[in-house]
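S.K.: Below is the structure I would like to discuss, written out as structure tokens.
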Amino acid sequence: MSISQFSSNADEAVSNKMTPDQKVVLGSTTLGFTLDHMDATFLSFALAPMIAELHISGAQGGIIAAMSNWGALIGSVLFGILADRIGRVRVLSYTIILVTFATVILAFLDNAHTIYASRFLLGMGTGGEYGVSMALIAESFKANKVGRISSITAIGGQVGAILAAILATMIMPAFGWRGLFMIGFLPLIVVYIVRRHMKETPEFEQLKSDYQSGKKKFSFAYIANTPKRAYTSFVLIIMLTIQTAGYYGLMNWLPTIMRKQLGITATVTAGYVNLGMIPIIIGMAIGMLTFGTILDKIGPRIAFTIFLIASALMIYAFTFAYNMWTLTILGAVVGFFSNGMYGGFGAVISRLYPSEIRATAANTLTGSGRAIGAFSSVVIGWIMDHYSVSAVLMSLAAMYVISLVFMLTIPDFKKLGTLHK
């Protein structure tokens, strides 16, 4: 598919044919992802000077980086339940306010333990936002648009990462790491838009009416209330764990992999990463839009099969790359396939689970996968210490094959393939 076709698909998804309510949903969720991911990414640039100024140990610094993943698990469940009980729009505002508070307060903290708490709260907010946004999209757009729309929203997160890098470059030299966190109030813009212009979807209003009449009731157990649904939830957690492991494993260890493959110093590698991450992030964004389009056209079973096989092959290809250009190009291609699938999970979950647990399911499954997959960096470090870069890359490639095998056993994926017709 050509770049012009990517543009055409994006234009179609955000065209004037959309209703005003749909435009507000798309704009608010995408901007929310952008600014919340920007706030969350600030730590990547602030961690080193923060450790130096506050005399925090390396181990404590690692805990700071990990706390948001554990917070995401708790926030995912909590805000998912609230969204299915009291409304998607209200809870979306709550998650964004929590992210804003947790980011700005970090500028005033001076010890590791209070920083742990702030990062945990931030993780709760970002973890809760995902399922709420996916539920709003699923209930606002036709089935044959949900894949593309959810992918566009997910791309907002990649834009947020680029914004964080730009702002860190501009602000930190003059105002330090505390100044960077001070501008974390920007997501409040989304809260204003949501509160002023967004209203609950007709589907949720009907759900609320069914709650009041006793026709339906909320139960967390609905995620696994039948053997088939329990198995589907189990497999999706495995797939999301591998999705997270692939992302954090590759991104966190990419500098080390580069250094070992090229035989260069860490200083040179750092210079590469600053420049080389941009094509990788662009590759991720294009991959998300492409995956969403394929998912809408031919269904998730074939879409995931293509991307999981390609992810395994491209990661394995890293073992044969020994020059800067090859690794840069491969990094972008790996980002295209391995992270292109991210937005598709929300689209799939929104169709596999009924409205009364839609946000809860999306958040719980995603949060669980994120929390378990975050350990990948530790496992990869162990493999790196005891074996080799090739062993790391082959292990990552094998994970995607495992994900493929499990995905093919979900019976309802075949039914979802007909939604576009």
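Naming works like this for the structure tokens: A, B, ... for the chains as they're shown, residue 1 at the start of each chain, ligands 1 onward in shown order.
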If you count only C-alpha atoms, which residues fall within 10 Å of Val159 in chain A, apart from same-chain ones fewer than 4 positions away, as a PyMOL selection string?
M.R.: chain A and resi 30-31+33-35+37-38+154-155+163-164+281-282+285
S.K.: Pick out the residues sitting within 7 Å of range 188-191 of chain A, and hand them over as a compact mmCIF listing (two decimals) with all heavy atoms, in the first residue's frame; count only C-alpha atoms, and ignore anything fewer than 6 positions along from it in its own chain.
M.R.:
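What ended up in around_30.txt:
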# COMPACT_ATOMS: atom_id res chain seq x y z
N SER A 28 -11.17 14.33 20.57
CA SER A 28 -10.90 14.30 22.01
C SER A 28 -10.06 13.09 22.41
O SER A 28 -9.12 13.21 23.20
CB SER A 28 -12.21 14.31 22.79
OG SER A 28 -12.95 15.47 22.53
N LEU A 31 -6.43 13.54 20.84
CA LEU A 31 -5.68 14.57 21.56
C LEU A 31 -5.38 14.12 22.99
O LEU A 31 -4.29 14.40 23.52
CB LEU A 31 -6.48 15.88 21.58
CG LEU A 31 -5.77 17.10 22.19
CD1 LEU A 31 -4.49 17.41 21.42
CD2 LEU A 31 -6.71 18.30 22.18
N GLY A 32 -6.31 13.39 23.59
CA GLY A 32 -6.07 12.87 24.93
C GLY A 32 -4.90 11.90 24.95
O GLY A 32 -4.02 11.98 25.82
N SER A 93 -12.77 12.18 31.52
CA SER A 93 -12.31 13.42 32.16
C SER A 93 -11.51 13.10 33.42
O SER A 93 -10.46 13.70 33.68
CB SER A 93 -13.49 14.31 32.51
OG SER A 93 -14.18 14.74 31.37
N ILE A 96 -7.93 11.88 32.65
CA ILE A 96 -7.04 12.94 32.16
C ILE A 96 -6.64 13.88 33.30
O ILE A 96 -5.48 14.31 33.39
CB ILE A 96 -7.72 13.71 31.01
CG1 ILE A 96 -7.95 12.78 29.82
CG2 ILE A 96 -6.86 14.90 30.57
CD1 ILE A 96 -8.82 13.38 28.73
N ILE A 97 -7.58 14.19 34.17
CA ILE A 97 -7.26 15.04 35.33
C ILE A 97 -6.22 14.36 36.22
O ILE A 97 -5.29 15.00 36.72
CB ILE A 97 -8.54 15.35 36.13
CG1 ILE A 97 -9.44 16.29 35.32
CG2 ILE A 97 -8.21 15.97 37.48
CD1 ILE A 97 -10.82 16.49 35.93
N THR A 100 -2.81 14.63 34.64
CA THR A 100 -2.33 16.01 34.77
C THR A 100 -1.79 16.26 36.17
O THR A 100 -0.68 16.79 36.35
CB THR A 100 -3.46 17.00 34.47
OG1 THR A 100 -3.94 16.77 33.14
CG2 THR A 100 -2.97 18.44 34.58
S.K.: From the list A:Val389, A:Met399, A:Met198, A:Ile137, which residue is nearest Gly343 in chain A when using only C-alpha atoms?
M.R.: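 Under the stated criterion, the closest residue is A:Ile137.
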S.K.: Based on DSSP run over this structure's backbone, return all residues of range 170-386 of chain A in alpha helix (DSSP H), as a PyMOL selection string.
M.R.: chain A and resi 170-182+188-197+202-213+227-262+266-298+300-317+324-338+342-352+358-373+376-386
S.K.: Quote the spacing between CA of Gly160 in chain A and CA of Ala66 in chain A in Å to one decimal place.
M.R.: 19.4 Å
S.K.: Using only C-alpha atoms, determine which residues lie at most 7 Å from range 102-118 of chain A, disregarding the query and same-chain residues fewer than 4 positions distant; provide the list as a PDB file with all heavy atoms, in the first residue's frame.
M.R.:
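Listing of selection_5.pdb after writing:
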ATOM      1  N   ASP A  39       2.986  13.466  28.538  1.00  0.00           N
ATOM      2  CA  ASP A  39       3.285  13.571  29.971  1.00  0.00           C
ATOM      3  C   ASP A  39       4.018  12.333  30.475  1.00  0.00           C
ATOM      4  O   ASP A  39       4.985  12.421  31.234  1.00  0.00           O
ATOM      5  CB  ASP A  39       1.994  13.761  30.760  1.00  0.00           C
ATOM      6  CG  ASP A  39       1.523  15.218  30.762  1.00  0.00           C
ATOM      7  OD1 ASP A  39       2.154  16.040  30.073  1.00  0.00           O
ATOM      8  OD2 ASP A  39       0.536  15.520  31.456  1.00  0.00           O
ATOM      9  N   LEU A  54      18.597  14.242  43.075  1.00  0.00           N
ATOM     10  CA  LEU A  54      17.977  13.739  44.301  1.00  0.00           C
ATOM     11  C   LEU A  54      18.763  12.594  44.932  1.00  0.00           C
ATOM     12  O   LEU A  54      18.333  12.040  45.948  1.00  0.00           O
ATOM     13  CB  LEU A  54      16.543  13.280  44.002  1.00  0.00           C
ATOM     14  CG  LEU A  54      15.599  14.339  43.422  1.00  0.00           C
ATOM     15  CD1 LEU A  54      14.217  13.754  43.169  1.00  0.00           C
ATOM     16  CD2 LEU A  54      15.510  15.542  44.355  1.00  0.00           C
ATOM     17  N   ILE A  56      19.241   9.554  43.934  1.00  0.00           N
ATOM     18  CA  ILE A  56      18.472   8.317  43.873  1.00  0.00           C
ATOM     19  C   ILE A  56      19.352   7.225  43.265  1.00  0.00           C
ATOM     20  O   ILE A  56      20.095   7.464  42.311  1.00  0.00           O
ATOM     21  CB  ILE A  56      17.211   8.528  43.014  1.00  0.00           C
ATOM     22  CG1 ILE A  56      16.270   9.530  43.704  1.00  0.00           C
ATOM     23  CG2 ILE A  56      16.486   7.219  42.748  1.00  0.00           C
ATOM     24  CD1 ILE A  56      15.084   9.939  42.845  1.00  0.00           C
ATOM     25  N   GLN A  60      16.426   2.372  42.485  1.00  0.00           N
ATOM     26  CA  GLN A  60      15.250   3.204  42.723  1.00  0.00           C
ATOM     27  C   GLN A  60      14.764   3.851  41.429  1.00  0.00           C
ATOM     28  O   GLN A  60      13.559   3.993  41.201  1.00  0.00           O
ATOM     29  CB  GLN A  60      15.564   4.276  43.764  1.00  0.00           C
ATOM     30  CG  GLN A  60      15.732   3.746  45.176  1.00  0.00           C
ATOM     31  CD  GLN A  60      16.162   4.826  46.147  1.00  0.00           C
ATOM     32  OE1 GLN A  60      17.055   5.628  45.842  1.00  0.00           O
ATOM     33  NE2 GLN A  60      15.532   4.860  47.308  1.00  0.00           N
ATOM     34  N   ILE A  64      11.059   3.668  39.727  1.00  0.00           N
ATOM     35  CA  ILE A  64      10.297   4.832  39.261  1.00  0.00           C
ATOM     36  C   ILE A  64       9.761   4.577  37.857  1.00  0.00           C
ATOM     37  O   ILE A  64       8.594   4.850  37.558  1.00  0.00           O
ATOM     38  CB  ILE A  64      11.179   6.103  39.270  1.00  0.00           C
ATOM     39  CG1 ILE A  64      11.476   6.519  40.704  1.00  0.00           C
ATOM     40  CG2 ILE A  64      10.493   7.252  38.517  1.00  0.00           C
ATOM     41  CD1 ILE A  64      12.498   7.647  40.815  1.00  0.00           C
ATOM     42  N   MET A  67       6.828   1.901  38.000  1.00  0.00           N
ATOM     43  CA  MET A  67       5.627   2.116  38.798  1.00  0.00           C
ATOM     44  C   MET A  67       4.399   2.416  37.942  1.00  0.00           C
ATOM     45  O   MET A  67       3.278   2.015  38.274  1.00  0.00           O
ATOM     46  CB  MET A  67       5.849   3.255  39.792  1.00  0.00           C
ATOM     47  CG  MET A  67       6.728   2.895  40.977  1.00  0.00           C
ATOM     48  SD  MET A  67       6.106   1.495  41.942  1.00  0.00           S
ATOM     49  CE  MET A  67       4.653   2.209  42.705  1.00  0.00           C
ATOM     50  N   LEU A  98      -6.357  13.046  36.403  1.00  0.00           N
ATOM     51  CA  LEU A  98      -5.403  12.311  37.236  1.00  0.00           C
ATOM     52  C   LEU A  98      -4.001  12.333  36.625  1.00  0.00           C
ATOM     53  O   LEU A  98      -3.002  12.533  37.336  1.00  0.00           O
ATOM     54  CB  LEU A  98      -5.869  10.867  37.417  1.00  0.00           C
ATOM     55  CG  LEU A  98      -5.026   9.983  38.335  1.00  0.00           C
ATOM     56  CD1 LEU A  98      -4.899  10.599  39.725  1.00  0.00           C
ATOM     57  CD2 LEU A  98      -5.623   8.578  38.426  1.00  0.00           C
ATOM     58  N   LEU A 122      -0.059   8.322  37.810  1.00  0.00           N
ATOM     59  CA  LEU A 122      -0.041   8.592  36.372  1.00  0.00           C
ATOM     60  C   LEU A 122      -0.384   7.334  35.585  1.00  0.00           C
ATOM     61  O   LEU A 122      -1.146   7.378  34.617  1.00  0.00           O
ATOM     62  CB  LEU A 122       1.328   9.130  35.952  1.00  0.00           C
ATOM     63  CG  LEU A 122       1.443   9.532  34.470  1.00  0.00           C
ATOM     64  CD1 LEU A 122       2.287  10.794  34.315  1.00  0.00           C
ATOM     65  CD2 LEU A 122       2.056   8.412  33.632  1.00  0.00           C
ATOM     66  N   ARG A 178      12.450  19.804  36.408  1.00  0.00           N
ATOM     67  CA  ARG A 178      11.222  20.251  37.086  1.00  0.00           C
ATOM     68  C   ARG A 178      10.390  21.144  36.167  1.00  0.00           C
ATOM     69  O   ARG A 178       9.156  21.069  36.155  1.00  0.00           O
ATOM     70  CB  ARG A 178      11.574  20.991  38.379  1.00  0.00           C
ATOM     71  CG  ARG A 178      12.225  20.094  39.437  1.00  0.00           C
ATOM     72  CD  ARG A 178      12.468  20.857  40.733  1.00  0.00           C
ATOM     73  NE  ARG A 178      13.216  20.065  41.683  1.00  0.00           N
ATOM     74  CZ  ARG A 178      12.668  19.186  42.536  1.00  0.00           C
ATOM     75  NH1 ARG A 178      11.357  19.011  42.527  1.00  0.00           N
ATOM     76  NH2 ARG A 178      13.414  18.503  43.370  1.00  0.00           N
ATOM     77  N   GLY A 179      11.049  21.960  35.385  1.00  0.00           N
ATOM     78  CA  GLY A 179      10.337  22.818  34.444  1.00  0.00           C
ATOM     79  C   GLY A 179       9.592  22.017  33.394  1.00  0.00           C
ATOM     80  O   GLY A 179       8.512  22.414  32.953  1.00  0.00           O
ATOM     81  N   PHE A 181       8.180  19.038  33.814  1.00  0.00           N
ATOM     82  CA  PHE A 181       6.947  18.499  34.383  1.00  0.00           C
ATOM     83  C   PHE A 181       5.915  19.595  34.667  1.00  0.00           C
ATOM     84  O   PHE A 181       4.710  19.304  34.724  1.00  0.00           O
ATOM     85  CB  PHE A 181       7.240  17.716  35.660  1.00  0.00           C
ATOM     86  CG  PHE A 181       7.935  16.404  35.410  1.00  0.00           C
ATOM     87  CD1 PHE A 181       9.227  16.189  35.861  1.00  0.00           C
ATOM     88  CD2 PHE A 181       7.311  15.388  34.708  1.00  0.00           C
ATOM     89  CE1 PHE A 181       9.877  14.988  35.630  1.00  0.00           C
ATOM     90  CE2 PHE A 181       7.940  14.186  34.462  1.00  0.00           C
ATOM     91  CZ  PHE A 181       9.236  13.986  34.934  1.00  0.00           C
ATOM     92  N   MET A 182       6.367  20.818  34.813  1.00  0.00           N
ATOM     93  CA  MET A 182       5.437  21.913  35.087  1.00  0.00           C
ATOM     94  C   MET A 182       4.462  22.149  33.940  1.00  0.00           C
ATOM     95  O   MET A 182       3.363  22.658  34.147  1.00  0.00           O
ATOM     96  CB  MET A 182       6.206  23.206  35.375  1.00  0.00           C
ATOM     97  CG  MET A 182       6.811  23.276  36.775  1.00  0.00           C
ATOM     98  SD  MET A 182       5.539  23.403  38.051  1.00  0.00           S
ATOM     99  CE  MET A 182       4.917  25.054  37.742  1.00  0.00           C
ATOM    100  N   GLY A 184       2.996  19.946  32.358  1.00  0.00           N
ATOM    101  CA  GLY A 184       2.126  18.777  32.259  1.00  0.00           C
ATOM    102  C   GLY A 184       0.652  19.090  32.411  1.00  0.00           C
ATOM    103  O   GLY A 184      -0.186  18.184  32.383  1.00  0.00           O
ATOM    104  N   PHE A 185       0.310  20.370  32.559  1.00  0.00           N
ATOM    105  CA  PHE A 185      -1.093  20.763  32.673  1.00  0.00           C
ATOM    106  C   PHE A 185      -1.815  20.745  31.324  1.00  0.00           C
ATOM    107  O   PHE A 185      -3.047  20.872  31.267  1.00  0.00           O
ATOM    108  CB  PHE A 185      -1.193  22.174  33.266  1.00  0.00           C
ATOM    109  CG  PHE A 185      -0.664  23.245  32.361  1.00  0.00           C
ATOM    110  CD1 PHE A 185      -1.472  23.840  31.402  1.00  0.00           C
ATOM    111  CD2 PHE A 185       0.666  23.652  32.444  1.00  0.00           C
ATOM    112  CE1 PHE A 185      -0.980  24.812  30.542  1.00  0.00           C
ATOM    113  CE2 PHE A 185       1.165  24.628  31.588  1.00  0.00           C
ATOM    114  CZ  PHE A 185       0.338  25.209  30.635  1.00  0.00           C
TER     115      PHE A 185
END
S.K.: Write out as an MDAnalysis selection string which residues come within 9 Å of Lys199 in chain A when counting only C-alpha atoms, dropping same-chain ones fewer than 4 positions away.
M.R.: chainID A and resid 21 88:89 194:195
S.K.: Of the candidates A:Met394, A:Ile329, A:Leu365, A:Val24, which one gets nearest to Ile74 in chain A if we count only C-alpha atoms?
M.R.: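 Selected residue with least distance to Ile74 in chain A: A:Leu365.
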S.K.: Can you pull out every residue within 12 Å of Phe234 in chain A, counting only C-alpha atoms, but drop anything in the same chain fewer than 3 positions away, and send it as a count of residues only?
M.R.: 23
